[in-house]
2 protein chains.
Amino acid sequence: MTDLAGPSEIAIAEVSDVVDRAVGAAQTWRRLDPGARADILRLIADRLEASADELVALAVDESHLTETRLRGELARTTFQLRFFGEVLDEGGYLGICIDTPNETWLSGARPELRRVLRPIGPVAVFAASNFPFAFSVAGGDSASALAAGCPVIVKAHPGHRLLSQRCGEIVLRAFHDAGMPDGTFALVESDEAGRALVTHPGIGAVAFTGSTKVGRMLFDLAVGRVQPIPFYGELGSVNPVFVTRRSAAARLDEILSGYVTSFTQGAGQFCTQPGILLLPAGVVDNERLRTIVGAQPAARLLNDRIDAAYQEALERLEDRPSIEVIAEGSTREDGARTPTLLGTTAHNLLADAEHLLTECFGPVSLVAAYDEDSQLIEVAEAIEGQLTATIHGEPDDAVVPELLDVLAERAGRVIWNGWPTGLSVTWAMQHGGPYPATTSPLHTSVGAASLSRFLRPVTYQGFPDQLLPLALREENPLHLPRLVDGQYRSGRRLDERN
Amino acid sequence: MTDLAGPSEIAIAEVSDVVDRAVGAAQTWRRLDPGARADILRLIADRLEASADELVALAVDESHLTETRLRGELARTTFQLRFFGEVLDEGGYLGICIDTPNETWLSGARPELRRVLRPIGPVAVFAASNFPFAFSVAGGDSASALAAGCPVIVKAHPGHRLLSQRCGEIVLRAFHDAGMPDGTFALVESDEAGRALVTHPGIGAVAFTGSTKVGRMLFDLAVGRVQPIPFYGELGSVNPVFVTRRSAAARLDEILSGYVTSFTQGAGQFCTQPGILLLPAGVVDNERLRTIVGAQPAARLLNDRIDAAYQEALERLEDRPSIEVIAEGSTREDGARTPTLLGTTAHNLLADAEHLLTECFGPVSLVAAYDEDSQLIEVAEAIEGQLTATIHGEPDDAVVPELLDVLAERAGRVIWNGWPTGLSVTWAMQHGGPYPATTSPLHTSVGAASLSRFLRPVTYQGFPDQLLPLALREENPLHLPRLVDGQYRSGRRLDERN
């Protein structure tokens, strides 16, 4: 998506039909009991699994990723659909909150108030190139928006076009077989259609994973509308790793090997790839680093556009005066690349932060040597918003408490003695962060809380029980947890309580 | 705030000092235990109450509102500060969620993950003119941002300048006496300073209550920054009221009297004022409406600017060809105005929606007569995002279920057989809605959930207990409720459980 102009009349007309169908399907989908929506998410997972061989073969061909990786990613994707089913079954995602009437309430007589989160309407999802399953057609953004009760229109990524079409067919067929209306789910393909989606009045929110440049362009379109809508963009992150002097002394081998595995995994094409490692000066020589990096296999990048962008960004980085090339990657005849490792000092990193503290998407990372612990704090304070920040340290390292506090101000996830890649889909996962990591620091695009991006609160005041949505009725027929007059009440059936 | 240009160099320099102090104070304020923050909110409430006579006298003088109303509003404001203390004590606002490690988790080995909501940083609050206490210096936006753990910089409203300064002094003194750093709270005064605040990199979020025009201008500044930030604007709302045929037959007197009280209360200067009443054609004659409206007292509007804007908007409305003036308001020598009631038909309302379905801030409302129940649905579908929408009906009215569903798609709060004014501060209150009611449909500016506007999730992965914030430690020293592996766990002490 390099054309930054607005959508053409033709794209707008094409997309209008698709959005109109989504708007038409919205009521049926949102009115389904959460349990029924969970069943359909599980059906989609079953169908994707049933076609695993065909889908993985398509994905290998289009993305250049390995079959092992792609089988794992598909498993993650189907797990995610089923996990969101569990989130629906648990029911806390609806945020139900009830106030009983109270005539003597001090801010003015309190009527009966019942608050619930309600789907925001059709969601436009922009698929990512680097996760052909997990952040694409039936990936996290689609699954969480569907789980929340919103129809979804995916703008497919051209990097895996056939796979997208095939996944789209499978999802559509599952909705059809489950009796859901045409329009609950759709796929569009061009960049123009994508821009037309973002500006269409029928769209309630946008989820995007990709580059900062394209993400910002679409964000500007979304917030520039006559009626602005939420835009959840997951953009760029450097994911810095800070290694304390004592942890380097205690387990340097383990740290270096974990680092190189993490930054070269998937040819470095992860949004959580560690792009910078802060290491005490003098603890390792370049020869040793070269050996570890040199042992990594070559891999083709996702597509020619990404390969060219990587080459260009890498050259720009290597041209910076303070950059030393520790291990120079090479390119094989079939286009596969081996990783590159660059070196600098913490001092130079700070002096040239604009160019060095920035994401370079692909198999490269930068080791920055520091002399004083205080430089760790200085670098932490200089970084922009991040998806992750990692500390390798000892629990009683003097620098750690302050370093952790500064990093928690700038990142969505802070990691201790681990690596940022290998993001799991869980209840407590946070995959987000201040700009430019995302355009919406209050949210996550991975994990149970990702549904909340697509839910809007509505309070019902004084309604008779039979007019309330099932989720809000006094007898709690959907067995949802709720806060009543500020007290938590489990929604479980009596026979399930222990 | 009518000057739409960006801030000048001078305003930016002045504001920079204020924001730098807020940034400097942020760590101390956010690191306080929630209970200690609650105590300081209660101290502010005590101090405001101790100065009630002085403050109310200033407010009467500057706002032209009645002493009774202002004493009530001050009580609401101090209640709100104490209520947010209760919200902090309850602790659910931190959204604590813990995953225990699980090697066999299907989306990839699950490390230990602990998620908590964390203050977003210094918040700029734009005070409203129409609530000199409850939506001003120590009002809801300030109280919720402070409760969330964010320093606050208020841009005072010029409509009650002396009151703002005095309230600001009281809040500052309370922070000082509680040992909090200079910078936890500050007040700035000019529109220019306000714009400089929104564009200052040290500001983490903005809360605004006011007109759609100014709100949109500031929203555009906030999202147009190099690093965009959340902008919570509460802008315009018409708050339509739909009266079914059967409820009109059953209790017309009560409905008309409730309606006129609600739209004329506070000289109609409420964001929840009912601006449109849909009534069956022929159930009431204009003479009767004139009598009810004519019985309402005259009142001066908040200030000359609002009075002039009201006059202009009223003339524009009265000039629309389909508008009939049912009761013409008059202006007394001291500037006090009596209310105006306008009439039209549902058909004309739809034909001229752009001009008629729009907020007119002041003591005027529009009665629209409908012939068919289907017109209620058509009008509901034609309205933009609203703070509230109200139905007066009978539980088994045929039109109600569909009408309610359409209104819940467009409003933050739906009301049954009541009136939208008289907003209470509670656990389940929702004061928000799709644009243009607000710029952020996922949030509320009133009630317990208003804190969430200023909180950002951070997940801690794999940290030893002593490095975790107190709120996340295994022994749960702050006694917070939390979700552990998807199961709710009360944080109460054993001796408090029942």
# chains A, B, ... in the order shown; residues from 1 in each chain; ligands from 1

$ residues_around --residues "Phe263 of chain A" --least-positions-apart "3" --cutoff "12 Å" --atoms "only C-alpha atoms" --output "PyMOL selection string"
chain A and resi 238-241+256-260+266-277+293+296+338-341+360-367+419-422

$ select_by_dssp --residues "segment 336-404 of chain B" --states "helix (DSSP H, G or I)" --output "list of chain:residue names"
B:Ala346, B:His347, B:Asn348, B:Leu349, B:Leu350, B:Ala351, B:Ala353, B:Glu354, B:His355, B:Leu356, B:Asp373, B:Ser374, B:Gln375, B:Leu376, B:Ile377, B:Glu378, B:Val379, B:Ala380, B:Glu381, B:Ala382, B:Val400, B:Pro401, B:Glu402, B:Leu403, B:Leu404

$ residues_around --residues "segment 482-494 of chain A" --least-positions-apart "5" --cutoff "8 Å" --atoms "only C-alpha atoms" --output "PDB file with C-alpha atoms, in the first residue's frame"
ATOM      1  CA  GLY A  92     -16.731 -10.846  31.877  1.00  0.00           C
ATOM      2  CA  GLY A  95     -18.546  -5.592  31.627  1.00  0.00           C
ATOM      3  CA  ILE A  96     -22.022  -5.893  33.096  1.00  0.00           C
ATOM      4  CA  CYS A  97     -22.658  -3.441  35.885  1.00  0.00           C
ATOM      5  CA  ILE A  98     -25.967  -2.871  37.649  1.00  0.00           C
ATOM      6  CA  ASP A  99     -27.037  -0.122  40.053  1.00  0.00           C
ATOM      7  CA  THR A 100     -30.191  -0.703  42.047  1.00  0.00           C
ATOM      8  CA  ASN A 476     -29.274 -13.465  34.638  1.00  0.00           C
TER       9      ASN A 476
ATOM     10  CA  GLU B  90     -12.776  -1.607  45.314  1.00  0.00           C
ATOM     11  CA  TRP B 427     -21.063   2.516  39.098  1.00  0.00           C
TER      12      TRP B 427
END

$ residues_around --residues "Gln27 of chain B" --least-positions-apart "2" --cutoff "10 Å" --atoms "only C-alpha atoms" --output "list in words"
Asp405, Val406 and Glu409 of chain A; Ala22, Val23, Gly24, Ala25, Trp29, Arg30, Arg31, Leu32, Pro119, Gly121, Gly149, Cys150, Pro151, Pro181 and Thr184 of chain B

$ write_last_selection --atoms "C-alpha atoms" --output "CSV table (one decimal), in the first residue's frame"
chain,number,residue,atom,x,y,z
A,405,ASP,CA,9.8,1.8,35.9
A,406,VAL,CA,11.0,3.8,32.8
A,409,GLU,CA,6.1,3.8,30.9
B,22,ALA,CA,3.4,17.7,35.7
B,23,VAL,CA,5.7,15.2,34.1
B,24,GLY,CA,8.1,15.6,37.1
B,25,ALA,CA,5.2,14.9,39.5
B,29,TRP,CA,1.5,10.4,42.1
B,30,ARG,CA,1.2,7.2,40.2
B,31,ARG,CA,3.3,5.2,42.7
B,32,LEU,CA,1.0,6.1,45.6
B,119,PRO,CA,-1.8,5.8,34.5
B,121,GLY,CA,0.5,10.4,32.2
B,149,GLY,CA,-3.0,8.3,39.0
B,150,CYS,CA,-2.4,11.1,36.4
B,151,PRO,CA,-1.4,14.6,37.2
B,181,PRO,CA,4.9,17.4,44.6
B,184,THR,CA,0.4,17.2,40.5

$ residues_around --residues "Phe84 of chain B" --least-positions-apart "2" --cutoff "7 Å" --atoms "only C-alpha atoms" --output "list in words"
Gln80, Leu81, Arg82, Glu86, Val87, Leu88, Ser144, Ala147 and Ala448 of chain B

$ interface_residues --of "chain A" --to "chain B" --cutoff "6 Å" --atoms "only C-alpha atoms" --output "PyMOL selection string"
chain A and resi 76+97-99+107-108+113+115+227+412-416+424-425+428+430+435+442+456+458-463

$ closest_residue --among "A:Leu342, A:Leu376, A:Ala207, A:Leu350" --to "Pro280 of chain A" --atoms "only C-alpha atoms"
A:Leu376

$ atom_distance --atom1 "atom CA of Met180 of chain A" --atom2 "atom CA of Ser129 of chain A"
28.7 Å

$ atom_distance --atom1 "atom CA of Asp253 of chain A" --atom2 "atom CA of His347 of chain A"
24.7 Å

$ select_by_dssp --residues "segment 401-447 of chain A" --states "strand (DSSP E)" --output "list in words"
Ala411, Gly412, Arg413, Val414, Ile415 and Trp416 of chain A

$ atom_distance --atom1 "atom CA of Ser16 of chain A" --atom2 "atom CA of Ile203 of chain A"
10.2 Å

$ closest_residue --among "A:Asp307, A:Glu103, A:Val15, A:Ala382" --to "Glu189 of chain A" --atoms "only C-alpha atoms"
A:Val15

$ residues_around --residues "segment 304-306 of chain A" --least-positions-apart "2" --cutoff "10 Å" --atoms "only C-alpha atoms" --output "list in words"
Ser129, Asn130, Gly159, Gln269, Arg300, Leu301, Leu302, Ala308, Ala309, Tyr310, Gln311, Glu312, Gly335, Phe361 and Gly362 of chain A

$ residues_around --residues "Lys213 of chain A" --least-positions-apart "2" --cutoff "12 Å" --atoms "only C-alpha atoms" --output "VMD selection string"
chain A and resid 1 to 4 208 to 211 215 to 220 233 to 236 359 436 439

$ write_last_selection --atoms "N, CA, C and O atoms" --output "tab-separated table (two decimals), in the first residue's frame"
chain	number	residue	atom	x	y	z
A	1	MET	N	0.85	-1.20	0.00
A	1	MET	CA	0.00	0.00	0.00
A	1	MET	C	0.88	1.24	0.00
A	1	MET	O	1.24	1.76	1.04
A	2	THR	N	1.28	1.66	-1.20
A	2	THR	CA	2.18	2.80	-1.27
A	2	THR	C	1.50	4.03	-1.83
A	2	THR	O	2.01	5.13	-1.71
A	3	ASP	N	0.32	3.84	-2.44
A	3	ASP	CA	-0.38	4.98	-3.00
A	3	ASP	C	-1.13	5.68	-1.87
A	3	ASP	O	-2.07	5.14	-1.29
A	4	LEU	N	-0.70	6.90	-1.56
A	4	LEU	CA	-1.27	7.57	-0.39
A	4	LEU	C	-2.50	8.42	-0.72
A	4	LEU	O	-3.06	9.08	0.14
A	208	PHE	N	-5.63	-2.69	12.17
A	208	PHE	CA	-4.57	-2.71	11.17
A	208	PHE	C	-3.29	-3.23	11.81
A	208	PHE	O	-2.95	-2.87	12.94
A	209	THR	N	-2.56	-4.07	11.09
A	209	THR	CA	-1.21	-4.45	11.50
A	209	THR	C	-0.30	-4.23	10.30
A	209	THR	O	-0.57	-4.77	9.23
A	210	GLY	N	0.74	-3.44	10.46
A	210	GLY	CA	1.64	-3.19	9.34
A	210	GLY	C	2.61	-2.07	9.64
A	210	GLY	O	2.92	-1.80	10.80
A	211	SER	N	3.07	-1.42	8.58
A	211	SER	CA	4.12	-0.42	8.75
A	211	SER	C	3.58	0.87	9.36
A	211	SER	O	2.40	1.19	9.25
A	215	GLY	N	0.15	2.63	8.25
A	215	GLY	CA	-0.75	2.72	9.39
A	215	GLY	C	-1.12	4.16	9.70
A	215	GLY	O	-2.28	4.47	9.96
A	216	ARG	N	-0.13	5.06	9.66
A	216	ARG	CA	-0.43	6.46	9.96
A	216	ARG	C	-1.33	7.08	8.90
A	216	ARG	O	-2.22	7.87	9.19
A	217	MET	N	-1.10	6.68	7.64
A	217	MET	CA	-1.93	7.21	6.56
A	217	MET	C	-3.39	6.80	6.77
A	217	MET	O	-4.31	7.61	6.66
A	218	LEU	N	-3.61	5.54	7.11
A	218	LEU	CA	-4.99	5.06	7.33
A	218	LEU	C	-5.58	5.66	8.61
A	218	LEU	O	-6.77	5.99	8.67
A	219	PHE	N	-4.75	5.78	9.65
A	219	PHE	CA	-5.20	6.44	10.90
A	219	PHE	C	-5.70	7.85	10.59
A	219	PHE	O	-6.78	8.25	11.04
A	220	ASP	N	-4.91	8.58	9.80
A	220	ASP	CA	-5.31	9.95	9.47
A	220	ASP	C	-6.64	9.97	8.72
A	220	ASP	O	-7.47	10.86	8.94
A	233	GLY	N	-4.25	0.58	15.18
A	233	GLY	CA	-3.12	0.25	14.33
A	233	GLY	C	-1.96	-0.27	15.16
A	233	GLY	O	-1.58	0.37	16.15
A	234	GLU	N	-1.44	-1.43	14.78
A	234	GLU	CA	-0.23	-1.92	15.42
A	234	GLU	C	0.88	-1.68	14.42
A	234	GLU	O	0.92	-2.29	13.36
A	235	LEU	N	1.78	-0.76	14.75
A	235	LEU	CA	2.73	-0.26	13.76
A	235	LEU	C	4.14	-0.75	14.08
A	235	LEU	O	4.38	-1.95	14.09
A	236	GLY	N	5.06	0.14	14.37
A	236	GLY	CA	6.46	-0.27	14.49
A	236	GLY	C	6.98	-0.35	15.93
A	236	GLY	O	6.53	0.36	16.80
A	359	GLU	N	12.72	0.88	13.81
A	359	GLU	CA	12.54	-0.50	13.36
A	359	GLU	C	13.13	-0.74	11.97
A	359	GLU	O	12.97	0.07	11.07
A	436	PRO	N	4.84	5.05	18.55
A	436	PRO	CA	4.28	4.44	17.36
A	436	PRO	C	4.06	2.92	17.44
A	436	PRO	O	3.73	2.33	16.41
A	439	THR	N	-1.53	2.95	17.53
A	439	THR	CA	-2.23	4.24	17.50
A	439	THR	C	-3.22	4.34	18.65
A	439	THR	O	-3.92	5.33	18.77

$ closest_residue --among "A:Gly393, A:Pro477, A:Gly140, A:Pro7" --to "Ala193 of chain A" --atoms "only C-alpha atoms"
A:Pro7

$ closest_residue --among "B:Leu55, B:Leu41, B:Leu94, B:Val188" --to "Ser142 of chain B" --atoms "only C-alpha atoms"
B:Leu41

$ decode --residues "segment 278-309 of chain A" --atoms "N, CA and C atoms" --output "short mmCIF file (atom, residue, chain, number, x, y, z; two decimals), in the first residue's frame"
data_model
loop_
_atom_site.label_atom_id
_atom_site.label_comp_id
_atom_site.auth_asym_id
_atom_site.auth_seq_id
_atom_site.Cartn_x
_atom_site.Cartn_y
_atom_site.Cartn_z
N LEU A 278 21.32 -4.03 24.46
CA LEU A 278 22.28 -3.24 25.24
C LEU A 278 23.13 -4.19 26.07
N LEU A 279 24.42 -4.18 25.84
CA LEU A 279 25.33 -5.15 26.46
C LEU A 279 26.50 -4.37 27.09
N PRO A 280 26.99 -4.81 28.26
CA PRO A 280 28.15 -4.12 28.85
C PRO A 280 29.32 -4.16 27.86
N ALA A 281 30.07 -3.07 27.76
CA ALA A 281 31.21 -3.02 26.85
C ALA A 281 32.26 -4.06 27.27
N GLY A 282 32.83 -4.69 26.27
CA GLY A 282 33.98 -5.56 26.53
C GLY A 282 33.67 -6.97 26.97
N VAL A 283 32.38 -7.34 27.10
CA VAL A 283 32.11 -8.70 27.58
C VAL A 283 32.16 -9.74 26.47
N VAL A 284 32.08 -9.29 25.23
CA VAL A 284 32.09 -10.26 24.14
C VAL A 284 32.86 -9.66 22.97
N ASP A 285 33.63 -10.50 22.26
CA ASP A 285 34.31 -9.97 21.09
C ASP A 285 33.50 -10.30 19.83
N ASN A 286 33.77 -9.54 18.79
CA ASN A 286 32.98 -9.66 17.57
C ASN A 286 33.09 -11.04 16.94
N GLU A 287 34.23 -11.66 17.11
CA GLU A 287 34.43 -12.97 16.51
C GLU A 287 33.41 -13.97 17.04
N ARG A 288 33.20 -13.91 18.36
CA ARG A 288 32.25 -14.83 18.99
C ARG A 288 30.82 -14.55 18.48
N LEU A 289 30.47 -13.28 18.39
CA LEU A 289 29.14 -12.92 17.87
C LEU A 289 28.97 -13.41 16.44
N ARG A 290 30.02 -13.21 15.64
CA ARG A 290 29.98 -13.64 14.23
C ARG A 290 29.72 -15.14 14.13
N THR A 291 30.35 -15.88 15.03
CA THR A 291 30.18 -17.34 15.00
C THR A 291 28.72 -17.73 15.27
N ILE A 292 28.14 -17.10 16.30
CA ILE A 292 26.75 -17.46 16.64
C ILE A 292 25.80 -17.05 15.52
N VAL A 293 25.96 -15.84 15.02
CA VAL A 293 25.06 -15.36 13.95
C VAL A 293 25.28 -16.18 12.69
N GLY A 294 26.54 -16.52 12.42
CA GLY A 294 26.86 -17.27 11.20
C GLY A 294 26.26 -18.67 11.19
N ALA A 295 25.90 -19.18 12.36
CA ALA A 295 25.32 -20.52 12.42
C ALA A 295 23.83 -20.54 12.08
N GLN A 296 23.24 -19.35 11.90
CA GLN A 296 21.80 -19.30 11.59
C GLN A 296 21.56 -19.59 10.12
N PRO A 297 20.47 -20.28 9.83
CA PRO A 297 20.17 -20.63 8.44
C PRO A 297 19.74 -19.40 7.64
N ALA A 298 19.89 -19.49 6.32
CA ALA A 298 19.36 -18.45 5.44
C ALA A 298 17.86 -18.67 5.26
N ALA A 299 17.15 -17.58 5.00
CA ALA A 299 15.70 -17.69 4.78
C ALA A 299 15.26 -16.59 3.83
N ARG A 300 14.30 -16.92 2.98
CA ARG A 300 13.77 -15.89 2.09
C ARG A 300 12.80 -15.01 2.86
N LEU A 301 12.80 -13.73 2.56
CA LEU A 301 11.83 -12.84 3.20
C LEU A 301 10.45 -13.07 2.57
N LEU A 302 9.43 -12.45 3.17
CA LEU A 302 8.05 -12.77 2.83
C LEU A 302 7.73 -12.53 1.36
N ASN A 303 8.24 -11.44 0.82
CA ASN A 303 7.94 -11.14 -0.58
C ASN A 303 8.96 -10.12 -1.09
N ASP A 304 8.92 -9.85 -2.38
CA ASP A 304 9.94 -8.99 -2.99
C ASP A 304 9.90 -7.57 -2.45
N ARG A 305 8.70 -7.07 -2.16
CA ARG A 305 8.59 -5.71 -1.66
C ARG A 305 9.28 -5.59 -0.31
N ILE A 306 9.02 -6.57 0.55
CA ILE A 306 9.64 -6.54 1.88
C ILE A 306 11.15 -6.73 1.76
N ASP A 307 11.57 -7.60 0.84
CA ASP A 307 13.00 -7.82 0.64
C ASP A 307 13.69 -6.53 0.19
N ALA A 308 13.06 -5.83 -0.73
CA ALA A 308 13.65 -4.59 -1.22
C ALA A 308 13.68 -3.52 -0.13
N ALA A 309 12.60 -3.45 0.65
CA ALA A 309 12.54 -2.46 1.73
C ALA A 309 13.60 -2.76 2.79
#
